Amino acid sequence: MRIGLTVALGLGTVFLALARVSDLRAQPQQRLTGWRADLQVLSDSLLAKDRSFSPAAREEFRRELAQMETSLDHLDDEAILVKISRLVALAENAHTRLRLDPTTLGAFTTQFPIRLWSFTDGLYVIRTSPEYARALASRLVAINGHPIEQVGRGVATLFAGNTSWTDYLLPIYLESPSVLHGLGIISNHDEATFSFKDGSGKQFDLLVHSQPVNQNWENWQELSPMFIADGLPTSCALARERVPRYLRHPNLAYWFEYLAVQQSVYFQFNIADNAAEGPNFQDFADSLLTFVQSHDVNTMIVDLRLNSGGNLEVARDFMKGLYDALGTKQLFVITGHCTFSAGLYHAAQLKQFTHATFVGEPVGDRLDYWAEGGMLVLPYSGAVIEYADGFHRYSLKEYAENKPYYASLSVKDLTPDIRVSMTAKDYFSGRDAALEAIER
């Protein structure tokens, strides 16, 4: 059977035959040649561009890659991508990883419409498509009969980072049929059985069908029922009338509010960059400081718990000069497990240049890490890999082999002075335990 269309050109017609790209790529020899080309690029270009691999990691990378090449004909495309993800994670650097961007082979093009968040007390459903609303506020306990602890251990090998960053990325990977299929957790890309426990402890199963990926926002934004985007599951576990302050403006890069009772200014910095709409950061910062200096304010709260990065240059001078601007006013900084990259840099600035009290959860990376760099696209699969080539040193330790540093600070640690965990119970009830701790 041949599928095509007839096109009129001048006085004649031409028949154009159509062929599925996947069918063409499925030719065994062509497929193996393509994957070998990708692995060669990994061996040559990634290790040449990315500076985060230690000498030992480079040797292990080449050894594992050579073994992988001998088994290509026994692996499907997604199993290969999972192995590549593990190879890239050998850098042990959170900024170096295989992205879950859709590939030309069809991987990472669908996701399960079950949105999860890692709370201290487990993985819970925060948002779903309406047909799976029964799962809202329930804890995920298994996928296709595999205990979630076991699945989580497998997923955690696909990227590097500390425990906090693993908590942030884990739900994203668990929602990917390609990841779960590549790990051998599911055999059907179109569906999987998710097992949950509800608030009463009763376990139940839902057969969940995958949907096309349609996302260009940060995963933390899905925590807020105020956030709405095309293609996003519409049923949210948190009711609008219970939305805590830190989730009231999920579309804003930065904003502030005066809390008259506490004589405090609450400043939330969600994205380390100039806002796409509204004032640029410098104009915003000027208005913020003008307000603080002209009103009865004795405390400022800087909330960085949802700031996973951006451009650290944008707010660098503001954060460094905040101590002088505030004078004798108290300063609190809230951090969380997705305080990462430029967000982490600003937390470290406030630690070094102010006497701030830190509240919340540990940040999403170490004090010293590789970042910057760029993206490498593999020629056959179209898989995208982030690489890093700029060293950030925020600790008191020196790394002569990594100089010149891209950014340098000197802080002992970023451990919260007041440790406040984000629990599912607090989230679903609309409590902000971190802000309550500051108010106390």
# chains A, B, ... in the order shown; residues from 1 in each chain; ligands from 1
>>> residues_around(residues="Ala192 (chain A)", least_positions_apart="2", cutoff="7 Å", atoms="only C-alpha atoms", output="number ranges by chain")
A: 143-144, 186, 194, 207-209
>>> residues_around(residues="Leu183 (chain A)", least_positions_apart="5", cutoff="10 Å", atoms="only C-alpha atoms", output="PyMOL selection string")
chain A and resi 78-83+151+154-155+158+177-178
>>> write_last_selection(atoms="N, CA and C atoms", output="mmCIF file, in the first residue's frame")
data_model
loop_
_atom_site.group_PDB
_atom_site.id
_atom_site.type_symbol
_atom_site.label_atom_id
_atom_site.label_comp_id
_atom_site.auth_asym_id
_atom_site.auth_seq_id
_atom_site.Cartn_x
_atom_site.Cartn_y
_atom_site.Cartn_z
ATOM 1 N N GLU A 78 14.832 3.923 23.400
ATOM 2 C CA GLU A 78 14.689 4.556 24.715
ATOM 3 C C GLU A 78 15.631 3.955 25.742
ATOM 4 N N ALA A 79 15.928 2.665 25.599
ATOM 5 C CA ALA A 79 16.924 2.054 26.477
ATOM 6 C C ALA A 79 18.299 2.663 26.205
ATOM 7 N N ILE A 80 18.576 2.981 24.937
ATOM 8 C CA ILE A 80 19.841 3.628 24.595
ATOM 9 C C ILE A 80 19.903 5.022 25.207
ATOM 10 N N LEU A 81 18.809 5.772 25.107
ATOM 11 C CA LEU A 81 18.789 7.113 25.683
ATOM 12 C C LEU A 81 18.959 7.082 27.195
ATOM 13 N N VAL A 82 18.375 6.083 27.845
ATOM 14 C CA VAL A 82 18.550 5.937 29.292
ATOM 15 C C VAL A 82 20.014 5.670 29.620
ATOM 16 N N LYS A 83 20.658 4.826 28.833
ATOM 17 C CA LYS A 83 22.077 4.546 29.063
ATOM 18 C C LYS A 83 22.937 5.788 28.804
ATOM 19 N N VAL A 151 11.620 2.322 41.770
ATOM 20 C CA VAL A 151 11.613 3.117 40.545
ATOM 21 C C VAL A 151 12.455 4.383 40.737
ATOM 22 N N GLY A 154 16.171 3.859 40.367
ATOM 23 C CA GLY A 154 16.573 3.740 38.974
ATOM 24 C C GLY A 154 16.606 5.093 38.286
ATOM 25 N N VAL A 155 15.599 5.902 38.523
ATOM 26 C CA VAL A 155 15.527 7.224 37.905
ATOM 27 C C VAL A 155 16.685 8.105 38.371
ATOM 28 N N LEU A 158 19.946 8.714 36.424
ATOM 29 C CA LEU A 158 19.913 9.346 35.110
ATOM 30 C C LEU A 158 20.364 10.799 35.137
ATOM 31 N N PRO A 177 6.823 8.570 29.877
ATOM 32 C CA PRO A 177 6.735 7.186 29.410
ATOM 33 C C PRO A 177 8.060 6.695 28.821
ATOM 34 N N SER A 178 8.792 7.575 28.151
ATOM 35 C CA SER A 178 10.062 7.172 27.549
ATOM 36 C C SER A 178 11.068 6.754 28.608
#
>>> select_by_dssp(residues="region 194-429 of chain A", states="strand (DSSP E)", output="PDB file with N, CA and C atoms, in the first residue's frame")
ATOM      1  N   PHE A 194      -0.813   3.298  37.707  1.00  0.00           N
ATOM      2  CA  PHE A 194      -0.257   4.023  38.845  1.00  0.00           C
ATOM      3  C   PHE A 194      -1.037   3.618  40.090  1.00  0.00           C
ATOM      4  N   SER A 195      -0.313   3.276  41.140  1.00  0.00           N
ATOM      5  CA  SER A 195      -0.943   2.880  42.409  1.00  0.00           C
ATOM      6  C   SER A 195      -0.755   3.993  43.436  1.00  0.00           C
ATOM      7  N   PHE A 196      -1.843   4.304  44.136  1.00  0.00           N
ATOM      8  CA  PHE A 196      -1.833   5.405  45.086  1.00  0.00           C
ATOM      9  C   PHE A 196      -2.392   4.971  46.435  1.00  0.00           C
ATOM     10  N   LYS A 197      -2.109   5.783  47.448  1.00  0.00           N
ATOM     11  CA  LYS A 197      -2.777   5.668  48.742  1.00  0.00           C
ATOM     12  C   LYS A 197      -3.428   7.014  49.037  1.00  0.00           C
ATOM     13  N   GLN A 203      -5.422   1.938  49.402  1.00  0.00           N
ATOM     14  CA  GLN A 203      -4.684   1.889  48.144  1.00  0.00           C
ATOM     15  C   GLN A 203      -5.626   1.631  46.969  1.00  0.00           C
ATOM     16  N   PHE A 204      -5.352   2.293  45.837  1.00  0.00           N
ATOM     17  CA  PHE A 204      -6.160   2.083  44.639  1.00  0.00           C
ATOM     18  C   PHE A 204      -5.287   2.261  43.408  1.00  0.00           C
ATOM     19  N   ASP A 205      -5.720   1.702  42.300  1.00  0.00           N
ATOM     20  CA  ASP A 205      -4.972   1.758  41.040  1.00  0.00           C
ATOM     21  C   ASP A 205      -5.738   2.577  40.009  1.00  0.00           C
ATOM     22  N   LEU A 206      -4.992   3.268  39.155  1.00  0.00           N
ATOM     23  CA  LEU A 206      -5.567   3.977  38.026  1.00  0.00           C
ATOM     24  C   LEU A 206      -4.761   3.647  36.771  1.00  0.00           C
ATOM     25  N   LEU A 207      -5.456   3.256  35.711  1.00  0.00           N
ATOM     26  CA  LEU A 207      -4.801   3.055  34.429  1.00  0.00           C
ATOM     27  C   LEU A 207      -4.726   4.427  33.757  1.00  0.00           C
ATOM     28  N   VAL A 208      -3.509   4.947  33.625  1.00  0.00           N
ATOM     29  CA  VAL A 208      -3.303   6.310  33.139  1.00  0.00           C
ATOM     30  C   VAL A 208      -2.762   6.265  31.715  1.00  0.00           C
ATOM     31  N   HIS A 209      -3.358   7.056  30.832  1.00  0.00           N
ATOM     32  CA  HIS A 209      -2.941   7.102  29.431  1.00  0.00           C
ATOM     33  C   HIS A 209      -2.065   8.338  29.190  1.00  0.00           C
ATOM     34  N   GLN A 211      -0.217  11.479  27.182  1.00  0.00           N
ATOM     35  CA  GLN A 211      -0.681  12.561  26.326  1.00  0.00           C
ATOM     36  C   GLN A 211       0.529  13.267  25.710  1.00  0.00           C
ATOM     37  N   PRO A 212       0.338  13.980  24.594  1.00  0.00           N
ATOM     38  CA  PRO A 212       1.470  14.703  23.993  1.00  0.00           C
ATOM     39  C   PRO A 212       2.044  15.741  24.953  1.00  0.00           C
ATOM     40  N   SER A 235      -7.193  19.895  36.897  1.00  0.00           N
ATOM     41  CA  SER A 235      -7.657  19.655  38.264  1.00  0.00           C
ATOM     42  C   SER A 235      -6.475  19.778  39.222  1.00  0.00           C
ATOM     43  N   CYS A 236      -6.575  20.714  40.167  1.00  0.00           N
ATOM     44  CA  CYS A 236      -5.485  20.969  41.107  1.00  0.00           C
ATOM     45  C   CYS A 236      -5.916  20.560  42.514  1.00  0.00           C
ATOM     46  N   TYR A 254       9.262  38.258  39.685  1.00  0.00           N
ATOM     47  CA  TYR A 254       9.549  38.876  40.981  1.00  0.00           C
ATOM     48  C   TYR A 254       8.402  39.811  41.359  1.00  0.00           C
ATOM     49  N   TRP A 255       8.175  39.922  42.657  1.00  0.00           N
ATOM     50  CA  TRP A 255       7.124  40.800  43.166  1.00  0.00           C
ATOM     51  C   TRP A 255       7.326  40.974  44.667  1.00  0.00           C
ATOM     52  N   PHE A 256       6.668  41.987  45.246  1.00  0.00           N
ATOM     53  CA  PHE A 256       6.754  42.144  46.695  1.00  0.00           C
ATOM     54  C   PHE A 256       5.426  42.623  47.251  1.00  0.00           C
ATOM     55  N   GLU A 257       5.281  42.435  48.555  1.00  0.00           N
ATOM     56  CA  GLU A 257       4.046  42.810  49.249  1.00  0.00           C
ATOM     57  C   GLU A 257       4.400  43.276  50.656  1.00  0.00           C
ATOM     58  N   TYR A 258       3.665  44.260  51.132  1.00  0.00           N
ATOM     59  CA  TYR A 258       3.877  44.754  52.483  1.00  0.00           C
ATOM     60  C   TYR A 258       2.955  44.029  53.448  1.00  0.00           C
ATOM     61  N   LEU A 259       3.520  43.455  54.507  1.00  0.00           N
ATOM     62  CA  LEU A 259       2.748  42.774  55.543  1.00  0.00           C
ATOM     63  C   LEU A 259       2.683  43.721  56.743  1.00  0.00           C
ATOM     64  N   SER A 264       6.645  43.977  57.762  1.00  0.00           N
ATOM     65  CA  SER A 264       7.611  43.263  56.936  1.00  0.00           C
ATOM     66  C   SER A 264       7.315  43.462  55.457  1.00  0.00           C
ATOM     67  N   VAL A 265       8.352  43.361  54.652  1.00  0.00           N
ATOM     68  CA  VAL A 265       8.203  43.318  53.204  1.00  0.00           C
ATOM     69  C   VAL A 265       8.589  41.911  52.750  1.00  0.00           C
ATOM     70  N   TYR A 266       7.656  41.283  52.052  1.00  0.00           N
ATOM     71  CA  TYR A 266       7.889  39.946  51.504  1.00  0.00           C
ATOM     72  C   TYR A 266       8.224  40.100  50.024  1.00  0.00           C
ATOM     73  N   PHE A 267       9.434  39.683  49.640  1.00  0.00           N
ATOM     74  CA  PHE A 267       9.916  39.797  48.268  1.00  0.00           C
ATOM     75  C   PHE A 267      10.186  38.392  47.728  1.00  0.00           C
ATOM     76  N   GLN A 268       9.426  38.014  46.703  1.00  0.00           N
ATOM     77  CA  GLN A 268       9.635  36.697  46.095  1.00  0.00           C
ATOM     78  C   GLN A 268      10.355  36.865  44.758  1.00  0.00           C
ATOM     79  N   PHE A 269      11.473  36.138  44.625  1.00  0.00           N
ATOM     80  CA  PHE A 269      12.296  36.173  43.414  1.00  0.00           C
ATOM     81  C   PHE A 269      12.276  34.768  42.810  1.00  0.00           C
ATOM     82  N   THR A 299      11.564  44.480  58.805  1.00  0.00           N
ATOM     83  CA  THR A 299      12.011  43.157  58.364  1.00  0.00           C
ATOM     84  C   THR A 299      11.791  42.999  56.865  1.00  0.00           C
ATOM     85  N   MET A 300      12.770  42.398  56.181  1.00  0.00           N
ATOM     86  CA  MET A 300      12.575  41.997  54.793  1.00  0.00           C
ATOM     87  C   MET A 300      12.744  40.491  54.692  1.00  0.00           C
ATOM     88  N   ILE A 301      11.871  39.884  53.897  1.00  0.00           N
ATOM     89  CA  ILE A 301      11.927  38.438  53.639  1.00  0.00           C
ATOM     90  C   ILE A 301      12.191  38.245  52.154  1.00  0.00           C
ATOM     91  N   VAL A 302      13.280  37.568  51.814  1.00  0.00           N
ATOM     92  CA  VAL A 302      13.614  37.270  50.427  1.00  0.00           C
ATOM     93  C   VAL A 302      13.341  35.786  50.204  1.00  0.00           C
ATOM     94  N   ASP A 303      12.369  35.483  49.363  1.00  0.00           N
ATOM     95  CA  ASP A 303      11.958  34.100  49.123  1.00  0.00           C
ATOM     96  C   ASP A 303      12.584  33.594  47.820  1.00  0.00           C
ATOM     97  N   GLN A 330      15.908  43.641  59.967  1.00  0.00           N
ATOM     98  CA  GLN A 330      16.139  42.195  59.934  1.00  0.00           C
ATOM     99  C   GLN A 330      15.975  41.679  58.507  1.00  0.00           C
ATOM    100  N   LEU A 331      16.695  40.584  58.198  1.00  0.00           N
ATOM    101  CA  LEU A 331      16.597  39.968  56.878  1.00  0.00           C
ATOM    102  C   LEU A 331      16.478  38.457  57.040  1.00  0.00           C
ATOM    103  N   PHE A 332      15.478  37.891  56.388  1.00  0.00           N
ATOM    104  CA  PHE A 332      15.300  36.441  56.343  1.00  0.00           C
ATOM    105  C   PHE A 332      15.345  35.989  54.884  1.00  0.00           C
ATOM    106  N   VAL A 333      15.910  34.812  54.637  1.00  0.00           N
ATOM    107  CA  VAL A 333      15.993  34.236  53.296  1.00  0.00           C
ATOM    108  C   VAL A 333      15.380  32.844  53.339  1.00  0.00           C
ATOM    109  N   ILE A 334      14.426  32.584  52.442  1.00  0.00           N
ATOM    110  CA  ILE A 334      13.787  31.271  52.357  1.00  0.00           C
ATOM    111  C   ILE A 334      14.385  30.511  51.172  1.00  0.00           C
ATOM    112  N   THR A 335      14.846  29.286  51.425  1.00  0.00           N
ATOM    113  CA  THR A 335      15.385  28.435  50.363  1.00  0.00           C
ATOM    114  C   THR A 335      14.614  27.118  50.320  1.00  0.00           C
ATOM    115  N   THR A 357      19.053  35.486  58.324  1.00  0.00           N
ATOM    116  CA  THR A 357      18.696  34.190  58.896  1.00  0.00           C
ATOM    117  C   THR A 357      18.048  33.366  57.785  1.00  0.00           C
ATOM    118  N   PHE A 358      18.581  32.160  57.553  1.00  0.00           N
ATOM    119  CA  PHE A 358      18.078  31.304  56.480  1.00  0.00           C
ATOM    120  C   PHE A 358      17.040  30.324  57.030  1.00  0.00           C
ATOM    121  N   VAL A 359      15.946  30.196  56.275  1.00  0.00           N
ATOM    122  CA  VAL A 359      14.810  29.376  56.714  1.00  0.00           C
ATOM    123  C   VAL A 359      14.381  28.479  55.554  1.00  0.00           C
ATOM    124  N   GLY A 360      13.986  27.245  55.863  1.00  0.00           N
ATOM    125  CA  GLY A 360      13.435  26.379  54.822  1.00  0.00           C
ATOM    126  C   GLY A 360      14.185  25.082  54.662  1.00  0.00           C
ATOM    127  N   ASP A 368      30.082  24.327  45.354  1.00  0.00           N
ATOM    128  CA  ASP A 368      31.030  24.434  44.252  1.00  0.00           C
ATOM    129  C   ASP A 368      30.568  23.525  43.122  1.00  0.00           C
ATOM    130  N   TYR A 369      30.412  24.079  41.932  1.00  0.00           N
ATOM    131  CA  TYR A 369      29.853  23.286  40.830  1.00  0.00           C
ATOM    132  C   TYR A 369      30.229  23.905  39.487  1.00  0.00           C
ATOM    133  N   TRP A 370      30.061  23.131  38.438  1.00  0.00           N
ATOM    134  CA  TRP A 370      30.252  23.603  37.073  1.00  0.00           C
ATOM    135  C   TRP A 370      28.902  23.996  36.481  1.00  0.00           C
ATOM    136  N   ALA A 371      28.894  25.090  35.714  1.00  0.00           N
ATOM    137  CA  ALA A 371      27.673  25.530  35.037  1.00  0.00           C
ATOM    138  C   ALA A 371      28.055  26.190  33.713  1.00  0.00           C
ATOM    139  N   GLY A 374      26.731  25.117  27.355  1.00  0.00           N
ATOM    140  CA  GLY A 374      25.748  25.207  26.287  1.00  0.00           C
ATOM    141  C   GLY A 374      25.043  23.883  26.096  1.00  0.00           C
ATOM    142  N   MET A 375      24.547  23.658  24.877  1.00  0.00           N
ATOM    143  CA  MET A 375      23.814  22.435  24.572  1.00  0.00           C
ATOM    144  C   MET A 375      24.411  21.742  23.355  1.00  0.00           C
ATOM    145  N   LEU A 376      24.491  20.432  23.425  1.00  0.00           N
ATOM    146  CA  LEU A 376      24.991  19.598  22.345  1.00  0.00           C
ATOM    147  C   LEU A 376      23.833  18.754  21.821  1.00  0.00           C
ATOM    148  N   VAL A 377      23.584  18.798  20.515  1.00  0.00           N
ATOM    149  CA  VAL A 377      22.510  18.024  19.903  1.00  0.00           C
ATOM    150  C   VAL A 377      23.120  16.850  19.139  1.00  0.00           C
ATOM    151  N   VAL A 384      19.262  16.099  23.228  1.00  0.00           N
ATOM    152  CA  VAL A 384      19.936  17.331  23.645  1.00  0.00           C
ATOM    153  C   VAL A 384      20.642  17.109  24.978  1.00  0.00           C
ATOM    154  N   ILE A 385      21.910  17.480  25.023  1.00  0.00           N
ATOM    155  CA  ILE A 385      22.703  17.313  26.235  1.00  0.00           C
ATOM    156  C   ILE A 385      23.253  18.665  26.663  1.00  0.00           C
ATOM    157  N   GLU A 386      23.051  19.015  27.916  1.00  0.00           N
ATOM    158  CA  GLU A 386      23.626  20.241  28.468  1.00  0.00           C
ATOM    159  C   GLU A 386      25.042  19.940  28.954  1.00  0.00           C
ATOM    160  N   TYR A 387      25.981  20.800  28.603  1.00  0.00           N
ATOM    161  CA  TYR A 387      27.341  20.638  29.107  1.00  0.00           C
ATOM    162  C   TYR A 387      27.764  21.889  29.861  1.00  0.00           C
ATOM    163  N   GLY A 390      32.058  26.408  33.017  1.00  0.00           N
ATOM    164  CA  GLY A 390      32.418  27.521  33.888  1.00  0.00           C
ATOM    165  C   GLY A 390      32.296  27.109  35.348  1.00  0.00           C
ATOM    166  N   PHE A 391      33.355  27.280  36.124  1.00  0.00           N
ATOM    167  CA  PHE A 391      33.352  26.798  37.512  1.00  0.00           C
ATOM    168  C   PHE A 391      32.897  27.883  38.478  1.00  0.00           C
ATOM    169  N   HIS A 392      31.964  27.504  39.356  1.00  0.00           N
ATOM    170  CA  HIS A 392      31.457  28.380  40.404  1.00  0.00           C
ATOM    171  C   HIS A 392      32.002  27.894  41.734  1.00  0.00           C
ATOM    172  N   ARG A 393      32.740  28.746  42.414  1.00  0.00           N
ATOM    173  CA  ARG A 393      33.312  28.379  43.715  1.00  0.00           C
ATOM    174  C   ARG A 393      32.732  29.321  44.763  1.00  0.00           C
ATOM    175  N   ALA A 407      32.443  32.415  38.763  1.00  0.00           N
ATOM    176  CA  ALA A 407      31.890  33.213  39.866  1.00  0.00           C
ATOM    177  C   ALA A 407      32.508  32.698  41.158  1.00  0.00           C
ATOM    178  N   SER A 408      32.791  33.607  42.075  1.00  0.00           N
ATOM    179  CA  SER A 408      33.465  33.211  43.304  1.00  0.00           C
ATOM    180  C   SER A 408      32.875  33.955  44.499  1.00  0.00           C
ATOM    181  N   ILE A 418      17.001  27.814  60.351  1.00  0.00           N
ATOM    182  CA  ILE A 418      15.732  27.254  60.846  1.00  0.00           C
ATOM    183  C   ILE A 418      15.249  26.282  59.784  1.00  0.00           C
ATOM    184  N   ARG A 419      15.388  24.997  60.059  1.00  0.00           N
ATOM    185  CA  ARG A 419      15.018  23.974  59.075  1.00  0.00           C
ATOM    186  C   ARG A 419      13.493  23.771  59.095  1.00  0.00           C
TER     187      ARG A 419
END
>>> atom_distance(atom1="CA of Arg63 (chain A)", atom2="CA of Leu39 (chain A)")
12.2 Å
>>> closest_residue(among="A:Tyr380, A:Tyr124, A:Tyr246, A:Tyr323", to="Leu435 (chain A)", atoms="only C-alpha atoms")
A:Tyr246
>>> closest_residue(among="A:Ala91, A:Ala160, A:Leu42, A:Ala253", to="Ala56 (chain A)", atoms="only C-alpha atoms")
A:Ala91
>>> closest_residue(among="A:Thr290, A:Glu361, A:Ser71, A:Leu304", to="Thr415 (chain A)", atoms="only C-alpha atoms")
A:Glu361
>>> select_by_dssp(residues="region 89-270 of chain A", states="alpha helix (DSSP H)", output="ChimeraX atom specification")
/A:89,148-155,163-174,177-182
>>> closest_residue(among="A:His181, A:Arg86, A:Arg431, A:Arg366", to="Phe340 (chain A)", atoms="only C-alpha atoms")
A:Arg366
>>> residues_around(residues="Pro362 (chain A)", least_positions_apart="3", cutoff="8 Å", atoms="only C-alpha atoms", output="PyMOL selection string")
chain A and resi 164+335-337+414-416
